[in-house]
Amino acid sequence: MARRLYAYAAERHAFSEAEAGEVLGESAGAALAELEAAHLIQPRSRPAAGTGTGTATDEDAATDAGCPDGPARVCWSAVSPQAAVARTLAPLALRVRETHDEMDRLRVRLEELVPAYETGTDLRDRGGANALELVTDPAALQDLIGELVASAGSEVLTCHPGGGRTTATLEGAVVRDEAMLARGVRMRTLYQHTARYSRPTAAYVERVAALGSQVRTVGDGLMRMIIVDRHTGLMEVRDDVKAALVVREPNVVQFMLQTFERTWAEAEPFSTTIGPDQARSISDELRQTIVRLLAEGLEDKIIARRLGMSERTCQRHIAEIMRAVGAKSRFQAGFLLSATAAATAASAAASAAPLTPPPAGAPESAGPGGTAGTA
């Protein structure tokens, strides 16, 4: 009813409630109240003819004709949806600004306590000063890694984001890692998918895999780190790829372990010979990751760095994605593909749901058995 009344109102300068009720065939009171609450109509009062300026325009005449019940009859006229939006959203925008202001004030009050906290933790942990150690000298860091690997007794876990590693780095790593594996130390390594297209990295993986090392790859979200015997870790330092944070604090090392294991469970085995199906699967996952990062509004160089590929290669992928969906901007491409993926997943879930529940007491059907192997 409100929609019909608004369409009726938009066709004339003004109208009375009684007239609207006669034309629409029912009481217009509730619809008027709804439209007024949404600021889509406004009251409009017209003086009697001959008052005011003494001159009646055509619009005045048309308005008076719409309000025939008295010389000072209150009528209604339509308001544009754009104006209604502005009036409706203004209070909400004010509340949002007030909320942000309150958040900023609260953040400032809490951050004022940071010095007291840091002083207290320094005093509390004075006996454990070696739990965290920042190493910024590249040569010292390489010596430390060599010592940790040489002393490893059971397991070494490593994560190497950024695509393929350089030949010089791998030449030093392969000798050290082969000696460690020969002692019976287990080794698991995570790379990004783009490392599969690096010949030096693939050759290194082939050599260490022959001695029992396990290597897998993921698309995004990989943090550079090494964990030795589950009690000592090395973690990347933001904005300094040549530095590392040495971690001996048990709770932090446990967090690093859990992060590694979650990523490992979702990763795919690194095969030095990639078949068409596997290559297609990896390419699709990279494409989906780029779509997600596009939807987040990240720049090309940031996406390229996170996925371990060159910026030029990343830009080529983005251009292909935009062409495929007919998008005019990078963000639009990410939004369209994300929305399509969500709709597809929802449709698949709805199709898989049973139409009727199984009979009471009926045995559950067993799914296919078997375990997943590792290449």
# chains A, B, ... in the order shown; residues from 1 in each chain; ligands from 1
$ residues_around --residues "Val149 in chain A" --least-positions-apart "2" --cutoff "8 Å" --atoms "only C-alpha atoms" --output "PyMOL selection string"
chain A and resi 145-147+151-152+156+176-177+180+228
$ residues_around --residues "Leu294 in chain A" --least-positions-apart "2" --cutoff "12 Å" --atoms "only C-alpha atoms" --output "ChimeraX atom specification"
/A:287-292,296-304,314-315,317-319,321-322,327,329-338
$ atom_distance --atom1 "CA of Arg183 in chain A" --atom2 "CA of Ser154 in chain A"
9.3 Å
$ residues_around --residues "Ala7 in chain A" --least-positions-apart "2" --cutoff "12 Å" --atoms "only C-alpha atoms" --output "PyMOL selection string"
chain A and resi 1-5+9-12+20+24+31+35+40-41+77-81
$ residues_around --residues "range 204-209 of chain A" --least-positions-apart "2" --cutoff "9 Å" --atoms "only C-alpha atoms" --output "PyMOL selection string"
chain A and resi 170-171+173-174+177-178+181+199-202+211-215+270-272
$ write_last_selection --atoms "all heavy atoms" --output "tab-separated table (two decimals), in the first residue's frame"
chain	number	residue	atom	x	y	z
A	170	LEU	N	70.27	-22.13	-1.26
A	170	LEU	CA	70.00	-23.57	-1.28
A	170	LEU	C	71.28	-24.40	-1.26
A	170	LEU	O	71.29	-25.50	-0.69
A	170	LEU	CB	69.16	-23.91	-2.52
A	170	LEU	CG	67.73	-23.36	-2.50
A	170	LEU	CD1	67.08	-23.55	-3.86
A	170	LEU	CD2	66.91	-24.05	-1.42
A	171	GLU	N	72.34	-23.90	-1.87
A	171	GLU	CA	73.60	-24.66	-1.87
A	171	GLU	C	74.13	-24.84	-0.45
A	171	GLU	O	74.67	-25.90	-0.10
A	171	GLU	CB	74.64	-23.94	-2.73
A	171	GLU	CG	74.38	-24.08	-4.23
A	171	GLU	CD	75.37	-23.27	-5.06
A	171	GLU	OE1	76.13	-22.46	-4.46
A	171	GLU	OE2	75.37	-23.42	-6.30
A	173	ALA	N	72.14	-24.65	2.28
A	173	ALA	CA	71.14	-25.37	3.07
A	173	ALA	C	71.16	-26.86	2.80
A	173	ALA	O	70.95	-27.67	3.72
A	173	ALA	CB	69.76	-24.80	2.77
A	174	VAL	N	71.40	-27.28	1.56
A	174	VAL	CA	71.28	-28.69	1.23
A	174	VAL	C	72.34	-29.53	1.94
A	174	VAL	O	72.07	-30.65	2.41
A	174	VAL	CB	71.33	-28.89	-0.30
A	174	VAL	CG1	72.72	-28.64	-0.86
A	174	VAL	CG2	70.83	-30.28	-0.68
A	177	ASP	N	71.27	-29.67	5.66
A	177	ASP	CA	70.05	-30.45	5.87
A	177	ASP	C	70.27	-31.93	5.60
A	177	ASP	O	69.69	-32.79	6.29
A	177	ASP	CB	68.92	-29.91	4.99
A	177	ASP	CG	68.53	-28.49	5.38
A	177	ASP	OD1	68.89	-28.06	6.49
A	177	ASP	OD2	67.88	-27.80	4.56
A	178	GLU	N	71.08	-32.27	4.61
A	178	GLU	CA	71.35	-33.68	4.34
A	178	GLU	C	72.09	-34.31	5.51
A	178	GLU	O	71.82	-35.46	5.88
A	178	GLU	CB	72.15	-33.82	3.05
A	178	GLU	CG	71.31	-33.62	1.79
A	178	GLU	CD	72.11	-33.78	0.52
A	178	GLU	OE1	73.34	-33.57	0.57
A	178	GLU	OE2	71.52	-34.12	-0.53
A	181	LEU	N	69.45	-34.88	8.25
A	181	LEU	CA	68.57	-36.01	7.94
A	181	LEU	C	69.29	-37.33	8.07
A	181	LEU	O	68.69	-38.34	8.48
A	181	LEU	CB	68.01	-35.84	6.52
A	181	LEU	CG	67.01	-34.67	6.34
A	181	LEU	CD1	66.81	-34.36	4.86
A	181	LEU	CD2	65.67	-35.00	6.99
A	199	ARG	N	63.25	-23.90	-10.39
A	199	ARG	CA	64.04	-25.11	-10.63
A	199	ARG	C	65.03	-25.40	-9.52
A	199	ARG	O	65.16	-26.55	-9.08
A	199	ARG	CB	64.74	-24.99	-11.99
A	199	ARG	CG	63.78	-25.06	-13.17
A	199	ARG	CD	64.53	-25.07	-14.49
A	199	ARG	NE	63.61	-25.17	-15.62
A	199	ARG	CZ	64.01	-25.20	-16.89
A	199	ARG	NH1	65.31	-25.13	-17.18
A	199	ARG	NH2	63.12	-25.30	-17.86
A	200	PRO	N	65.77	-24.38	-9.01
A	200	PRO	CA	66.69	-24.68	-7.90
A	200	PRO	C	65.96	-25.22	-6.66
A	200	PRO	O	66.45	-26.14	-6.01
A	200	PRO	CB	67.35	-23.33	-7.62
A	200	PRO	CG	67.23	-22.58	-8.90
A	200	PRO	CD	65.93	-23.00	-9.49
A	201	THR	N	64.80	-24.65	-6.37
A	201	THR	CA	64.05	-25.11	-5.21
A	201	THR	C	63.54	-26.53	-5.42
A	201	THR	O	63.59	-27.37	-4.51
A	201	THR	CB	62.87	-24.17	-4.93
A	201	THR	OG1	63.35	-22.83	-4.78
A	201	THR	CG2	62.14	-24.57	-3.66
A	202	ALA	N	63.04	-26.82	-6.62
A	202	ALA	CA	62.56	-28.18	-6.92
A	202	ALA	C	63.70	-29.19	-6.82
A	202	ALA	O	63.51	-30.31	-6.32
A	202	ALA	CB	61.92	-28.21	-8.30
A	211	LEU	N	65.91	-38.36	1.31
A	211	LEU	CA	66.40	-38.77	2.63
A	211	LEU	C	65.31	-38.75	3.69
A	211	LEU	O	65.59	-38.92	4.87
A	211	LEU	CB	67.55	-37.83	3.06
A	211	LEU	CG	68.83	-37.92	2.22
A	211	LEU	CD1	69.82	-36.86	2.66
A	211	LEU	CD2	69.43	-39.31	2.33
A	212	GLY	N	64.06	-38.53	3.26
A	212	GLY	CA	62.95	-38.62	4.20
A	212	GLY	C	62.30	-37.30	4.57
A	212	GLY	O	61.32	-37.29	5.32
A	213	SER	N	62.81	-36.19	4.09
A	213	SER	CA	62.19	-34.91	4.41
A	213	SER	C	60.82	-34.79	3.74
A	213	SER	O	60.63	-35.29	2.62
A	213	SER	CB	63.09	-33.76	3.94
A	213	SER	OG	62.45	-32.52	4.16
A	214	GLN	N	59.89	-34.14	4.40
A	214	GLN	CA	58.56	-33.90	3.84
A	214	GLN	C	58.42	-32.42	3.53
A	214	GLN	O	58.76	-31.58	4.36
A	214	GLN	CB	57.46	-34.33	4.82
A	214	GLN	CG	57.48	-35.81	5.16
A	214	GLN	CD	56.35	-36.16	6.12
A	214	GLN	OE1	55.17	-35.95	5.81
A	214	GLN	NE2	56.71	-36.70	7.27
A	215	VAL	N	57.90	-32.12	2.35
A	215	VAL	CA	57.77	-30.73	1.91
A	215	VAL	C	56.37	-30.54	1.34
A	215	VAL	O	55.90	-31.35	0.54
A	215	VAL	CB	58.82	-30.37	0.84
A	215	VAL	CG1	58.73	-28.88	0.50
A	215	VAL	CG2	60.23	-30.71	1.33
A	270	PHE	N	54.60	-31.24	-2.04
A	270	PHE	CA	55.44	-30.64	-3.08
A	270	PHE	C	55.96	-31.77	-3.96
A	270	PHE	O	56.81	-32.55	-3.57
A	270	PHE	CB	56.61	-29.90	-2.43
A	270	PHE	CG	57.42	-29.04	-3.38
A	270	PHE	CD1	57.69	-27.72	-3.07
A	270	PHE	CD2	57.92	-29.54	-4.57
A	270	PHE	CE1	58.44	-26.92	-3.92
A	270	PHE	CE2	58.66	-28.75	-5.43
A	270	PHE	CZ	58.92	-27.44	-5.10
A	271	SER	N	55.41	-31.87	-5.17
A	271	SER	CA	55.87	-32.87	-6.13
A	271	SER	C	56.78	-32.20	-7.14
A	271	SER	O	56.43	-31.16	-7.71
A	271	SER	CB	54.68	-33.53	-6.84
A	271	SER	OG	55.12	-34.42	-7.84
A	272	THR	N	57.95	-32.77	-7.36
A	272	THR	CA	58.89	-32.17	-8.31
A	272	THR	C	58.45	-32.36	-9.75
A	272	THR	O	58.97	-31.70	-10.66
A	272	THR	CB	60.30	-32.77	-8.11
A	272	THR	OG1	60.21	-34.20	-8.21
A	272	THR	CG2	60.84	-32.40	-6.75
$ select_by_dssp --residues "range 72-199 of chain A" --states "strand (DSSP E)" --output "list of chain:residue names"
A:Val74, A:Cys75, A:Trp76, A:Ser77, A:Ala78, A:Leu132, A:Glu133, A:Leu134, A:Val135, A:Glu155, A:Val156, A:Leu157, A:Thr158, A:Cys159, A:His160, A:Arg186, A:Met187, A:Arg188, A:Thr189, A:Leu190, A:Tyr191, A:Gln192
$ write_last_selection --atoms "C-alpha atoms" --output "compact mmCIF listing (two decimals), in the first residue's frame"
# COMPACT_ATOMS: atom_id res chain seq x y z
CA VAL A 74 -2.88 20.39 5.08
CA CYS A 75 -1.86 18.26 2.13
CA TRP A 76 1.02 15.93 1.36
CA SER A 77 3.66 15.99 -1.35
CA ALA A 78 6.31 13.47 -2.38
CA LEU A 132 63.36 -13.62 23.51
CA GLU A 133 66.43 -12.41 21.62
CA LEU A 134 66.56 -10.17 18.56
CA VAL A 135 69.34 -11.00 16.09
CA GLU A 155 62.73 -32.65 14.57
CA VAL A 156 63.16 -29.42 12.61
CA LEU A 157 60.16 -27.54 11.18
CA THR A 158 60.68 -24.69 8.71
CA CYS A 159 58.51 -22.21 6.81
CA HIS A 160 59.89 -20.30 3.82
CA ARG A 186 62.83 -35.54 11.03
CA MET A 187 62.33 -32.48 8.83
CA ARG A 188 59.16 -30.87 7.53
CA THR A 189 59.18 -27.77 5.34
CA LEU A 190 56.48 -25.42 4.06
CA TYR A 191 56.81 -23.27 0.92
CA GLN A 192 54.33 -21.27 -1.09
$ closest_residue --among "A:Gly219, A:Gly29, A:Pro250, A:Gly172" --to "Glu268 in chain A" --atoms "only C-alpha atoms"
A:Gly219
$ atom_distance --atom1 "CA of Met103 in chain A" --atom2 "CA of Val85 in chain A"
26.5 Å
$ atom_distance --atom1 "CA of His13 in chain A" --atom2 "CA of Arg44 in chain A"
9.6 Å
$ select_by_dssp --residues "range 168-294 of chain A" --states "helix (DSSP H, G or I)" --output "PyMOL selection string"
chain A and resi 168-182+193-197+199-209+250-266+276-294
